[in-house]
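Text of protein.txt, listed as compact mmCIF, C-alpha atoms (C1' of nucleotides):
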# COMPACT_ATOMS: atom_id res chain seq x y z
CA MET A 1 -20.67 10.52 -29.83
CA LYS A 2 -23.25 9.46 -32.33
CA GLU A 3 -22.79 5.69 -32.13
CA SER A 4 -23.57 5.27 -28.47
CA HIS A 5 -25.67 2.16 -28.98
CA VAL A 6 -22.90 0.56 -30.98
CA SER A 7 -20.37 0.72 -28.16
CA LYS A 8 -23.05 -0.36 -25.73
CA LYS A 9 -23.51 -3.56 -27.66
CA ARG A 10 -19.79 -4.28 -27.68
CA LEU A 11 -19.68 -3.58 -24.00
CA GLN A 12 -22.34 -6.13 -23.13
CA ASP A 13 -20.51 -8.75 -25.14
CA GLU A 14 -17.43 -8.21 -23.05
CA LEU A 15 -19.36 -8.40 -19.85
CA LYS A 16 -20.81 -11.78 -20.60
CA LYS A 17 -17.70 -13.57 -19.55
CA LYS A 18 -18.66 -13.31 -15.89
CA ARG A 19 -21.77 -11.93 -14.31
CA PRO A 20 -23.14 -8.57 -15.39
CA PHE A 21 -22.32 -5.59 -13.25
CA ASP A 22 -24.94 -4.02 -11.08
CA SER A 23 -24.65 -0.77 -12.95
CA LEU A 24 -22.60 1.21 -15.44
CA GLU A 25 -21.29 3.21 -12.51
CA GLN A 26 -19.94 0.14 -10.78
CA GLU A 27 -18.45 -1.11 -14.00
CA ALA A 28 -16.64 2.16 -14.58
CA ASN A 29 -15.28 2.24 -11.05
CA LEU A 30 -14.03 -1.32 -11.24
CA ASN A 31 -12.43 -0.57 -14.57
CA ILE A 32 -10.57 2.33 -13.06
CA LEU A 33 -9.44 0.17 -10.15
CA ARG A 34 -8.29 -2.72 -12.29
CA THR A 35 -6.51 -0.58 -14.85
CA ASN A 36 -4.73 1.34 -12.16
CA ASP A 37 -3.64 -1.84 -10.38
CA GLN A 38 -2.15 -3.28 -13.52
CA PHE A 39 -0.40 -0.08 -14.55
CA GLN A 40 1.00 0.73 -11.13
CA ASN A 41 2.25 -2.81 -10.97
CA ARG A 42 4.32 -2.12 -14.08
CA PHE A 43 5.61 1.19 -12.90
CA GLY A 44 6.49 -0.31 -9.56
CA ARG A 45 8.74 -2.82 -11.24
CA LEU A 46 10.44 -0.14 -13.31
CA PHE A 47 11.07 2.03 -10.28
CA ARG A 48 12.47 -0.91 -8.39
CA GLU A 49 15.19 -1.24 -11.01
CA PHE A 50 16.37 2.15 -9.80
CA ASP A 51 15.96 1.17 -6.14
CA LEU A 52 12.93 3.38 -5.68
CA THR A 53 9.40 2.54 -4.61
CA PRO A 54 6.50 4.19 -6.44
CA SER A 55 5.93 6.60 -3.55
CA GLN A 56 9.56 7.56 -3.40
CA TYR A 57 9.65 8.30 -7.13
CA ASN A 58 6.47 10.29 -6.75
CA VAL A 59 8.02 12.49 -4.07
CA LEU A 60 11.13 13.13 -6.16
CA ARG A 61 9.04 13.87 -9.25
CA ILE A 62 6.91 16.38 -7.35
CA LEU A 63 9.98 18.09 -5.92
CA ARG A 64 11.56 18.40 -9.33
CA GLY A 65 8.32 19.74 -10.78
CA GLU A 66 8.18 22.42 -8.11
CA GLY A 67 11.79 23.36 -8.67
CA LYS A 68 12.37 24.57 -5.12
CA PRO A 69 12.18 23.22 -1.55
CA MET A 70 8.70 22.30 -0.34
CA PRO A 71 7.17 21.64 3.10
CA CYS A 72 6.09 18.06 3.87
CA GLN A 73 2.48 18.99 3.93
CA GLU A 74 2.46 20.35 0.42
CA ILE A 75 4.11 17.22 -0.93
CA ALA A 76 1.58 15.07 0.90
CA GLU A 77 -1.31 17.05 -0.56
CA ARG A 78 -0.11 16.54 -4.10
CA MET A 79 0.18 12.85 -3.44
CA ILE A 80 -3.39 12.74 -2.11
CA GLN A 81 -1.99 11.05 0.93
CA VAL A 82 -2.01 11.36 4.65
CA VAL A 83 0.80 13.39 6.18
CA PRO A 84 1.96 10.84 8.78
CA ALA A 85 3.09 8.56 5.99
CA MET A 86 5.49 11.22 4.77
CA THR A 87 7.74 10.97 7.78
CA GLY A 88 9.01 7.45 7.13
CA LEU A 89 9.03 8.05 3.40
CA LEU A 90 11.23 11.11 3.76
CA ASP A 91 13.39 9.32 6.33
CA ARG A 92 14.33 6.70 3.76
CA LEU A 93 14.84 9.18 0.95
CA GLU A 94 17.12 11.18 3.22
CA ALA A 95 19.05 8.06 4.22
CA GLN A 96 19.53 7.28 0.52
CA GLY A 97 20.87 10.78 -0.07
CA HIS A 98 18.05 11.83 -2.37
CA ILE A 99 16.69 14.68 -0.26
CA ARG A 100 17.74 17.12 2.43
CA ARG A 101 15.50 18.46 5.19
CA GLU A 102 15.85 21.98 6.49
CA ARG A 103 13.82 23.67 9.14
CA CYS A 104 12.23 26.93 8.09
CA THR A 105 13.61 29.94 9.97
CA GLU A 106 10.40 31.99 10.03
CA ASP A 107 8.07 29.21 11.08
CA ARG A 108 10.03 26.61 12.98
CA ARG A 109 7.22 24.08 12.70
CA VAL A 110 7.77 23.80 8.97
CA ILE A 111 10.46 21.61 7.50
CA TYR A 112 11.48 22.19 3.91
CA VAL A 113 12.42 19.27 1.72
CA GLU A 114 14.92 19.74 -1.07
CA LEU A 115 16.28 17.52 -3.85
CA THR A 116 19.97 16.65 -3.87
CA GLU A 117 22.09 16.55 -7.00
CA THR A 118 22.17 12.77 -6.70
CA ALA A 119 18.41 12.67 -6.98
CA LYS A 120 18.34 15.04 -9.92
CA ASP A 121 20.80 12.84 -11.78
CA LEU A 122 18.78 9.76 -10.94
CA LEU A 123 15.59 11.37 -12.20
CA LYS A 124 17.30 12.35 -15.41
CA ARG A 125 18.41 8.77 -15.98
CA MET A 126 14.87 7.56 -15.36
CA ASP A 127 13.14 9.98 -17.71
CA ALA A 128 13.57 7.94 -20.86
CA PRO A 129 12.48 4.57 -19.42
CA VAL A 130 9.53 6.14 -17.63
CA SER A 131 8.35 7.94 -20.72
CA GLU A 132 8.78 4.74 -22.68
CA LEU A 133 6.60 2.82 -20.24
CA HIS A 134 3.90 5.48 -20.41
CA LYS A 135 3.79 5.01 -24.14
CA LYS A 136 3.93 1.26 -23.90
CA LEU A 137 0.95 1.14 -21.58
CA VAL A 138 -1.42 3.48 -23.40
CA GLY A 139 0.40 4.20 -26.64
CA HIS A 140 -1.96 1.96 -28.60
CA LEU A 141 -4.79 4.43 -27.98
CA THR A 142 -5.17 7.18 -30.52
CA GLN A 143 -4.50 10.81 -29.58
CA THR A 144 -8.24 11.39 -29.62
CA GLU A 145 -8.88 8.48 -27.31
CA LEU A 146 -6.19 9.59 -24.88
CA THR A 147 -7.67 13.05 -24.75
CA GLN A 148 -11.16 11.64 -24.26
CA LEU A 149 -9.93 9.37 -21.49
CA SER A 150 -8.25 12.21 -19.63
CA ARG A 151 -11.29 14.41 -20.05
CA LEU A 152 -13.64 11.72 -18.73
CA LEU A 153 -11.41 11.03 -15.71
CA GLU A 154 -11.15 14.72 -14.95
CA LYS A 155 -14.90 15.01 -15.09
CA ALA A 156 -15.25 11.95 -12.89
CA ARG A 157 -13.06 13.55 -10.23
CA LEU A 158 -15.36 16.55 -10.00
CA SER A 159 -17.52 14.55 -7.60
CA VAL A 160 -14.84 14.59 -4.93
CA GLN A 161 -13.55 18.05 -5.65
CA GLU A 162 -15.16 20.20 -3.00
CA LYS A 163 -15.21 17.47 -0.37
CA ASP A 164 -12.96 17.27 2.64
CA LYS A 165 -9.77 15.61 1.45
CA MET B 1 21.25 29.02 -6.97
CA LYS B 2 20.74 31.09 -10.10
CA GLU B 3 17.38 32.64 -9.52
CA SER B 4 16.65 33.55 -13.11
CA HIS B 5 17.09 30.02 -14.39
CA VAL B 6 15.06 28.59 -11.56
CA SER B 7 12.06 30.82 -12.06
CA LYS B 8 12.08 30.21 -15.78
CA LYS B 9 11.99 26.48 -15.18
CA ARG B 10 9.14 26.86 -12.74
CA LEU B 11 7.15 28.88 -15.21
CA GLN B 12 7.44 26.19 -17.81
CA ASP B 13 6.38 23.59 -15.33
CA GLU B 14 3.35 25.61 -14.37
CA LEU B 15 2.31 25.93 -17.97
CA LYS B 16 2.67 22.22 -18.42
CA LYS B 17 0.60 21.56 -15.37
CA LYS B 18 -2.54 23.03 -16.87
CA ARG B 19 -1.96 21.48 -20.26
CA PRO B 20 -0.79 18.08 -21.41
CA PHE B 21 2.28 16.97 -19.53
CA ASP B 22 5.27 15.58 -21.36
CA SER B 23 2.82 13.65 -23.50
CA LEU B 24 -0.81 12.71 -23.78
CA GLU B 25 0.18 9.24 -22.64
CA GLN B 26 1.66 10.52 -19.41
CA GLU B 27 -1.32 12.74 -18.80
CA ALA B 28 -3.71 9.82 -19.23
CA ASN B 29 -1.69 7.61 -16.88
CA LEU B 30 -1.51 10.27 -14.22
CA ASN B 31 -5.23 10.86 -14.55
CA ILE B 32 -5.90 7.19 -13.96
CA LEU B 33 -3.62 7.23 -10.93
CA ARG B 34 -5.10 10.33 -9.40
CA THR B 35 -8.71 9.33 -10.01
CA ASN B 36 -8.11 5.91 -8.57
CA ASP B 37 -6.41 7.32 -5.48
CA GLN B 38 -9.30 9.64 -4.74
CA PHE B 39 -11.98 7.03 -5.34
CA GLN B 40 -10.31 4.26 -3.39
CA ASN B 41 -9.87 6.70 -0.59
CA ARG B 42 -13.64 7.09 -0.44
CA PHE B 43 -14.37 3.40 -0.69
CA GLY B 44 -11.81 2.70 1.99
CA ARG B 45 -13.67 4.93 4.42
CA LEU B 46 -16.97 3.27 3.63
CA PHE B 47 -15.53 -0.21 4.11
CA ARG B 48 -14.01 0.80 7.39
CA GLU B 49 -17.47 1.56 8.74
CA PHE B 50 -18.11 -2.14 8.35
CA ASP B 51 -14.73 -3.07 9.85
CA LEU B 52 -13.32 -4.15 6.51
CA THR B 53 -10.31 -2.93 4.59
CA PRO B 54 -10.58 -2.47 0.81
CA SER B 55 -8.65 -5.69 0.19
CA GLN B 56 -10.81 -7.66 2.57
CA TYR B 57 -13.98 -6.43 0.91
CA ASN B 58 -12.51 -7.27 -2.46
CA VAL B 59 -11.88 -10.87 -1.42
CA LEU B 60 -15.41 -11.28 -0.10
CA ARG B 61 -16.88 -9.70 -3.23
CA ILE B 62 -14.92 -12.02 -5.48
CA LEU B 63 -15.97 -15.08 -3.48
CA ARG B 64 -19.62 -14.09 -3.65
CA GLY B 65 -19.34 -13.46 -7.37
CA GLU B 66 -17.93 -16.91 -7.93
CA GLY B 67 -20.63 -18.50 -5.79
CA LYS B 68 -18.51 -21.45 -4.70
CA PRO B 69 -15.22 -22.12 -2.88
CA MET B 70 -12.05 -20.92 -4.64
CA PRO B 71 -8.35 -21.68 -4.25
CA CYS B 72 -6.15 -18.85 -2.93
CA GLN B 73 -4.31 -18.52 -6.17
CA GLU B 74 -7.44 -17.83 -8.16
CA ILE B 75 -8.52 -15.11 -5.76
CA ALA B 76 -5.08 -13.56 -5.94
CA GLU B 77 -5.18 -13.57 -9.72
CA ARG B 78 -8.47 -11.72 -9.83
CA MET B 79 -7.06 -9.16 -7.44
CA ILE B 80 -3.97 -8.75 -9.62
CA GLN B 81 -1.92 -9.39 -6.55
CA VAL B 82 0.90 -11.55 -5.41
CA VAL B 83 -0.03 -14.80 -3.73
CA PRO B 84 2.05 -14.30 -0.56
CA ALA B 85 -0.12 -11.35 0.39
CA MET B 86 -3.19 -13.58 0.42
CA THR B 87 -2.03 -15.58 3.41
CA GLY B 88 -2.22 -12.80 5.96
CA LEU B 89 -5.31 -11.38 4.34
CA LEU B 90 -7.13 -14.71 4.61
CA ASP B 91 -5.77 -15.23 8.12
CA ARG B 92 -7.56 -12.11 9.29
CA LEU B 93 -10.75 -12.82 7.40
CA GLU B 94 -10.79 -16.27 8.93
CA ALA B 95 -10.19 -14.86 12.41
CA GLN B 96 -13.14 -12.50 11.86
CA GLY B 97 -15.32 -15.44 10.89
CA HIS B 98 -15.87 -14.27 7.31
CA ILE B 99 -14.28 -17.23 5.54
CA ARG B 100 -13.41 -20.88 6.07
CA ARG B 101 -10.39 -22.70 4.64
CA GLU B 102 -10.56 -26.30 3.58
CA ARG B 103 -7.86 -28.45 2.07
CA CYS B 104 -8.77 -30.07 -1.23
CA THR B 105 -8.90 -33.87 -1.04
CA GLU B 106 -7.74 -34.58 -4.58
CA ASP B 107 -4.80 -32.20 -4.59
CA ARG B 108 -3.64 -31.64 -1.07
CA ARG B 109 -1.56 -28.63 -2.08
CA VAL B 110 -4.72 -26.64 -2.79
CA ILE B 111 -6.71 -24.91 -0.08
CA TYR B 112 -10.26 -23.85 -0.87
CA VAL B 113 -11.65 -20.66 0.57
CA GLU B 114 -15.36 -20.37 1.26
CA LEU B 115 -17.66 -17.58 2.46
CA THR B 116 -19.46 -18.00 5.78
CA GLU B 117 -23.07 -17.00 6.36
CA THR B 118 -21.81 -14.11 8.48
CA ALA B 119 -19.93 -12.73 5.52
CA LYS B 120 -22.89 -13.16 3.18
CA ASP B 121 -25.08 -11.20 5.56
CA LEU B 122 -22.45 -8.50 5.89
CA LEU B 123 -22.13 -8.20 2.11
CA LYS B 124 -25.88 -7.91 1.79
CA ARG B 125 -25.93 -5.07 4.29
CA MET B 126 -23.17 -3.32 2.39
CA ASP B 127 -24.74 -3.58 -1.04
CA ALA B 128 -26.90 -0.48 -0.81
CA PRO B 129 -24.23 1.88 0.60
CA VAL B 130 -21.63 0.59 -1.86
CA SER B 131 -23.93 1.01 -4.82
CA GLU B 132 -24.79 4.47 -3.57
CA LEU B 133 -21.14 5.47 -3.41
CA HIS B 134 -20.53 4.15 -6.92
CA LYS B 135 -23.29 6.43 -8.15
CA LYS B 136 -22.11 9.35 -6.08
CA LEU B 137 -18.59 9.13 -7.51
CA VAL B 138 -19.38 8.79 -11.21
CA GLY B 139 -23.14 9.29 -11.32
CA HIS B 140 -22.74 12.77 -12.79
CA LEU B 141 -21.39 11.25 -16.00
CA THR B 142 -23.96 10.34 -18.61
CA GLN B 143 -24.61 6.73 -19.53
CA THR B 144 -22.74 7.31 -22.77
CA GLU B 145 -19.76 8.76 -20.97
CA LEU B 146 -19.63 5.88 -18.51
CA THR B 147 -19.70 3.41 -21.35
CA GLN B 148 -16.99 5.32 -23.20
CA LEU B 149 -14.85 5.46 -20.10
CA SER B 150 -15.11 1.72 -19.49
CA ARG B 151 -14.42 0.97 -23.11
CA LEU B 152 -11.32 3.19 -23.15
CA LEU B 153 -9.98 1.63 -19.95
CA GLU B 154 -10.59 -1.86 -21.29
CA LYS B 155 -8.71 -0.95 -24.43
CA ALA B 156 -5.93 0.57 -22.36
CA ARG B 157 -5.51 -2.68 -20.45
CA LEU B 158 -4.90 -4.61 -23.66
CA SER B 159 -1.27 -3.52 -23.48
CA VAL B 160 -0.64 -5.66 -20.42
CA GLN B 161 -2.91 -8.48 -21.41
CA GLU B 162 -0.57 -11.06 -22.87
CA LYS B 163 2.35 -10.11 -20.66
CA ASP B 164 3.60 -12.10 -17.74
CA LYS B 165 1.37 -11.15 -14.84
C1' DT C 1 9.75 -47.02 -7.59
C1' DG C 2 12.46 -43.02 -6.89
C1' DT C 3 14.05 -38.63 -8.11
C1' DC C 4 13.31 -34.07 -10.28
C1' DG C 5 10.87 -30.13 -11.74
C1' DA C 6 6.47 -27.69 -11.20
C1' DT C 7 2.84 -25.92 -8.32
C1' DA C 8 0.13 -24.05 -4.08
C1' DG C 9 0.75 -21.94 0.07
C1' DT C 10 3.41 -20.19 3.70
C1' DT C 11 7.02 -17.46 6.11
C1' DC C 12 10.12 -13.56 6.37
C1' DA C 13 11.89 -8.89 5.76
C1' DC C 14 10.86 -4.51 4.50
C1' DA C 15 8.32 -0.22 2.62
C1' DT C 16 3.97 1.76 2.67
C1' DG C 17 -0.84 3.77 3.88
C1' DT C 18 -4.08 4.79 7.60
C1' DA C 19 -5.90 6.24 12.08
C1' DG C 20 -5.00 7.97 16.37
C1' DT C 21 -2.12 10.39 19.44
C1' DA C 22 1.82 13.31 20.99
C1' DT C 23 4.97 17.31 20.62
C1' DA C 24 6.71 21.67 19.19
C1' DT C 25 5.47 26.12 17.41
C1' DC C 26 2.74 29.73 15.98
C1' DT C 27 -1.20 33.09 16.25
C1' DC C 28 -4.54 35.38 18.38
C1' DC C 29 -6.95 37.27 22.00
C1' DC C 30 -7.26 38.65 26.88
C1' DG D 1 3.09 38.49 28.47
C1' DG D 2 0.51 34.46 28.93
C1' DG D 3 -2.68 30.97 27.75
C1' DA D 4 -6.05 28.68 24.27
C1' DG D 5 -6.59 26.83 20.06
C1' DA D 6 -4.61 25.95 15.45
C1' DT D 7 -0.97 24.01 12.70
C1' DA D 8 3.15 21.14 11.11
C1' DT D 9 5.48 17.04 12.07
C1' DA D 10 6.55 12.95 14.43
C1' DC D 11 5.49 8.49 16.72
C1' DT D 12 2.85 4.12 17.27
C1' DA D 13 0.01 0.23 15.92
C1' DC D 14 -1.88 -2.36 12.45
C1' DA D 15 -3.14 -4.09 7.60
C1' DT D 16 -1.23 -4.41 3.22
C1' DG D 17 1.88 -5.20 -0.98
C1' DT D 18 6.36 -6.96 -2.68
C1' DG D 19 10.29 -10.17 -3.49
C1' DA D 20 12.96 -14.06 -1.83
C1' DA D 21 13.25 -18.33 0.12
C1' DC D 22 10.96 -22.52 2.24
C1' DT D 23 7.63 -26.62 2.63
C1' DA D 24 4.40 -29.92 1.04
C1' DT D 25 2.57 -32.17 -2.70
C1' DC D 26 1.85 -33.62 -7.41
C1' DG D 27 3.13 -35.46 -11.94
C1' DA D 28 6.26 -37.25 -15.11
C1' DC D 29 9.89 -39.83 -16.57
C1' DA D 30 13.88 -42.98 -16.14
Could you rewrite the structure in this file as C-alpha cells?
Amino acid sequence: MKESHVSKKRLQDELKKKRPFDSLEQEANLNILRTNDQFQNRFGRLFREFDLTPSQYNVLRILRGEGKPMPCQEIAERMIQVVPAMTGLLDRLEAQGHIRRERCTEDRRVIYVELTETAKDLLKRMDAPVSELHKKLVGHLTQTELTQLSRLLEKARLSVQEKDK
Amino acid sequence: MKESHVSKKRLQDELKKKRPFDSLEQEANLNILRTNDQFQNRFGRLFREFDLTPSQYNVLRILRGEGKPMPCQEIAERMIQVVPAMTGLLDRLEAQGHIRRERCTEDRRVIYVELTETAKDLLKRMDAPVSELHKKLVGHLTQTELTQLSRLLEKARLSVQEKDK
DNA sequence: TGTCGATAGTTCACATGTAGTATATCTCCC
DNA sequence: GGGAGATATACTACATGTGAACTATCGACA
C-alpha cells in the first residue's frame, strides 16, 4: 500500500476519542476482540431464533461440512475448544434430535457423531438467513477489502500456529 | 448411504476449505471468529496466572482507562455485554478486593464502581506481560499491516453501529 | 401529590468454556 | 498374557453470557 501515512493519520483521528493505545499491536488486538464480540452477538441472536446456541450451530455446521460421522475430538479441534465442553454440548444436541452418537467398533474409546435428517433440514432452512447476515455485517466492504482482511487475519494467526493448542 | 454422492460432496467441501467459502463475506467473518478464539485463548491463560479471568481483567482495564468511578451500565456497554452479567462479575471482583461499590447520592438507583489500590498495583504488574503478549501475537505484522487491519475492522463494525445494541 | 412509565441493578434459569480428575480402552513392551 | 503409559470421553466445580422477570428509584404529568 502506497498511502500508508494517509491511513495512519485517519487512524490517529479516530483514536482521539479516548486515550491512545499503548501500541499498534494492542490496538489491533482490541479491534479483533471488539469486532468479534459485536458480530457473534448478532449471530447468536439469529441462531436463537432457530433454538440453537452459537456452539450448537457450529457443531452442526462442522458435521455437515465433513459429510460423514466424526469423533468428538475432531469436532472439538475444529472449534478450537477444549474436549470436556463437547460432552454437554453433544448431550443437548442429541436430546434435541439433531445428532446421533455411535461407538466405533474398532476402537471402543471413540464415539462417532452423526447428523440426523432433522438437523440437515434445519441447516438448510438456516442457510439463507445466515448468509444474509454475513453479508449484512461485512457486505459494505469491497471485495478487495474483504480479501485483505482475511489475508491479514490469516497472517496474524501464524504466531500461534506451531504452538501447543 | 450412497457412497458416490457422499464422496463427491466431500470433495467439493474440501476444495472450498482452501479457497473462499460460500462467499468472501463468510470467509472474513470466520477468519475474525477463528483469530479471536485463538488469541483470547492465549490472553486467558496469561490472565489466569494473575488469578483473573478475561472478563475480570477487562473490567479492571476499563476502570483504569476511565480514571474515575463508573456506573455498572457504562462498564457493561464498553464490554458490549448484557448488564445482568455484570452483577456476578462485580461480586467476585469485590470479594477479591479489586473494586469497591458505592451508591450514588443524587440518583440512588446508580451504583458507582471504583478500583482499589490493590487492583491498580495488580494492573501495573500485568502491563509488561500483557504488552509482550500483544506483540507476540501480532508483532510479526508490519506497522502498515497493523494499521490496515485496525482500519478494516473499524470499517467492518460500522454495520452494527447505529443498530440497537 | 400520586400514579405511571423509564431506568439501574439484581435475581433466576440455563447453556457454555475451562481446568482438573476419573474411567474405559487401546498399544506397546516385557 | 499382563501391566504401564497413552488416548478418548465423561464428570465435577466454577466463572461467564443470555433472556426473562423483579425491585428500587427517578421524573413527568395529571
List every residue of chain D that has an atom at most 8 Å from any atom of chain A, giving for each one its closest atom pair and the distance in Å to one decimal, counting all atoms listed in the file, sorted by chain and then by ascending residue number, as CSV.
residue,atom,partner,partner_atom,distance
D:DA8,C1',A:Arg109,CA,5.3
D:DT9,C1',A:Arg109,CA,7.3
D:DA10,C1',A:Thr87,CA,7.0
Review point. How many Å separate CA of Gly65 in chain A from CA of Lys124 in chain A?
Key: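 One can read the CA of Gly65 in chain A to CA of Lys124 in chain A distance as 12.5 Å.
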Review point. How many Å lie between CA of Asn58 in chain B and CA of Glu27 in chain B, rounded to one decimal?
Key: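 Taking CA of Asn58 in chain B and CA of Glu27 in chain B, their separation equals 28.2 Å.
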**Study point:** 8 Å contacts from chain B to chain A using all atoms listed in the file, as an MDAnalysis selection string
**Key:** chainID B and resid 6 9:10 13 24:29 31:38 40 65 80 131 134:141 143:157 159:160
Which residues of chain C have any atom within 9 Å of an atom in chain A when counting all atoms listed in the file, and what is the closest pair of atoms for each, with the distance in Å to one decimal? Order the rows by chain and rising number and write it as CSV.
residue,atom,partner,partner_atom,distance
C:DA15,C1',A:Thr53,CA,7.8
C:DT16,C1',A:Ala85,CA,7.6
C:DG17,C1',A:Ala85,CA,6.5
C:DT18,C1',A:Val82,CA,7.5
C:DA24,C1',A:Arg109,CA,6.9
C:DT25,C1',A:Arg109,CA,5.4
C:DC26,C1',A:Asp107,CA,7.3
Review point. If you count all atoms listed in the file, which residues fall within 10 Å of Leu63 in chain B, apart from same-chain ones fewer than 5 positions away, as a list in words?
Key: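 The residues satisfying every condition are Tyr57, Asn58, Lys68, Pro69, Met70, Ile75, Ile99, Val113, Glu114, Leu115 and Lys120 of chain B.
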Point to revise | Å distance separating CA of Leu90 in chain A from CA of Cys104 in chain A, one decimal place | key: 16.4 Å
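The shell of residues at most 12 Å from Thr118 in chain B, with all atoms listed in the file counted and near chain neighbours (fewer than 2 positions) removed, consists of Leu60, Leu93, Glu94, Gln96, Gly97, His98, Ile99, Arg100, Glu114, Leu115, Thr116, Lys120, Asp121, Leu122, Leu123, Lys124 and Arg125 of chain B.
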Check your understanding: Residues at most 9 Å from range 21-26 of chain D, counting only C-alpha atoms (C1' of nucleotides), excluding those fewer than 2 positions away in the same chain, as an MDAnalysis selection string?
Key -> (chainID B and resid 107:109) or (chainID C and resid 6:12)
File contents for range 2-29 of chain C with C-alpha atoms (C1' of nucleotides) as a PDB file, in the first residue's frame:
ATOM      1  C1'  DG C   2     -49.962  10.454  43.417  1.00  0.00           C
ATOM      2  C1'  DT C   3     -49.593   7.348  39.750  1.00  0.00           C
ATOM      3  C1'  DC C   4     -47.216   5.662  35.564  1.00  0.00           C
ATOM      4  C1'  DG C   5     -43.505   4.763  32.556  1.00  0.00           C
ATOM      5  C1'  DA C   6     -38.451   4.671  32.308  1.00  0.00           C
ATOM      6  C1'  DT C   7     -34.054   3.407  34.238  1.00  0.00           C
ATOM      7  C1'  DA C   8     -30.253   0.917  37.085  1.00  0.00           C
ATOM      8  C1'  DG C   9     -29.306  -3.166  39.219  1.00  0.00           C
ATOM      9  C1'  DT C  10     -30.394  -7.591  40.825  1.00  0.00           C
ATOM     10  C1'  DT C  11     -32.060 -12.437  40.746  1.00  0.00           C
ATOM     11  C1'  DC C  12     -33.044 -16.689  38.323  1.00  0.00           C
ATOM     12  C1'  DA C  13     -32.624 -20.418  34.970  1.00  0.00           C
ATOM     13  C1'  DC C  14     -29.939 -22.351  31.672  1.00  0.00           C
ATOM     14  C1'  DA C  15     -26.049 -23.214  28.143  1.00  0.00           C
ATOM     15  C1'  DT C  16     -21.306 -22.734  27.744  1.00  0.00           C
ATOM     16  C1'  DG C  17     -15.991 -22.723  28.344  1.00  0.00           C
ATOM     17  C1'  DT C  18     -12.160 -24.095  31.324  1.00  0.00           C
ATOM     18  C1'  DA C  19      -9.294 -26.820  34.465  1.00  0.00           C
ATOM     19  C1'  DG C  20      -8.752 -30.824  36.880  1.00  0.00           C
ATOM     20  C1'  DT C  21      -9.813 -35.507  37.615  1.00  0.00           C
ATOM     21  C1'  DA C  22     -11.798 -40.154  36.681  1.00  0.00           C
ATOM     22  C1'  DT C  23     -12.869 -44.147  33.687  1.00  0.00           C
ATOM     23  C1'  DA C  24     -12.673 -47.184  29.834  1.00  0.00           C
ATOM     24  C1'  DT C  25      -9.844 -48.790  26.107  1.00  0.00           C
ATOM     25  C1'  DC C  26      -6.024 -49.346  23.343  1.00  0.00           C
ATOM     26  C1'  DT C  27      -1.000 -50.140  22.300  1.00  0.00           C
ATOM     27  C1'  DC C  28       3.261 -51.480  23.277  1.00  0.00           C
ATOM     28  C1'  DC C  29       6.719 -53.772  25.562  1.00  0.00           C
TER      29       DC C  29
END
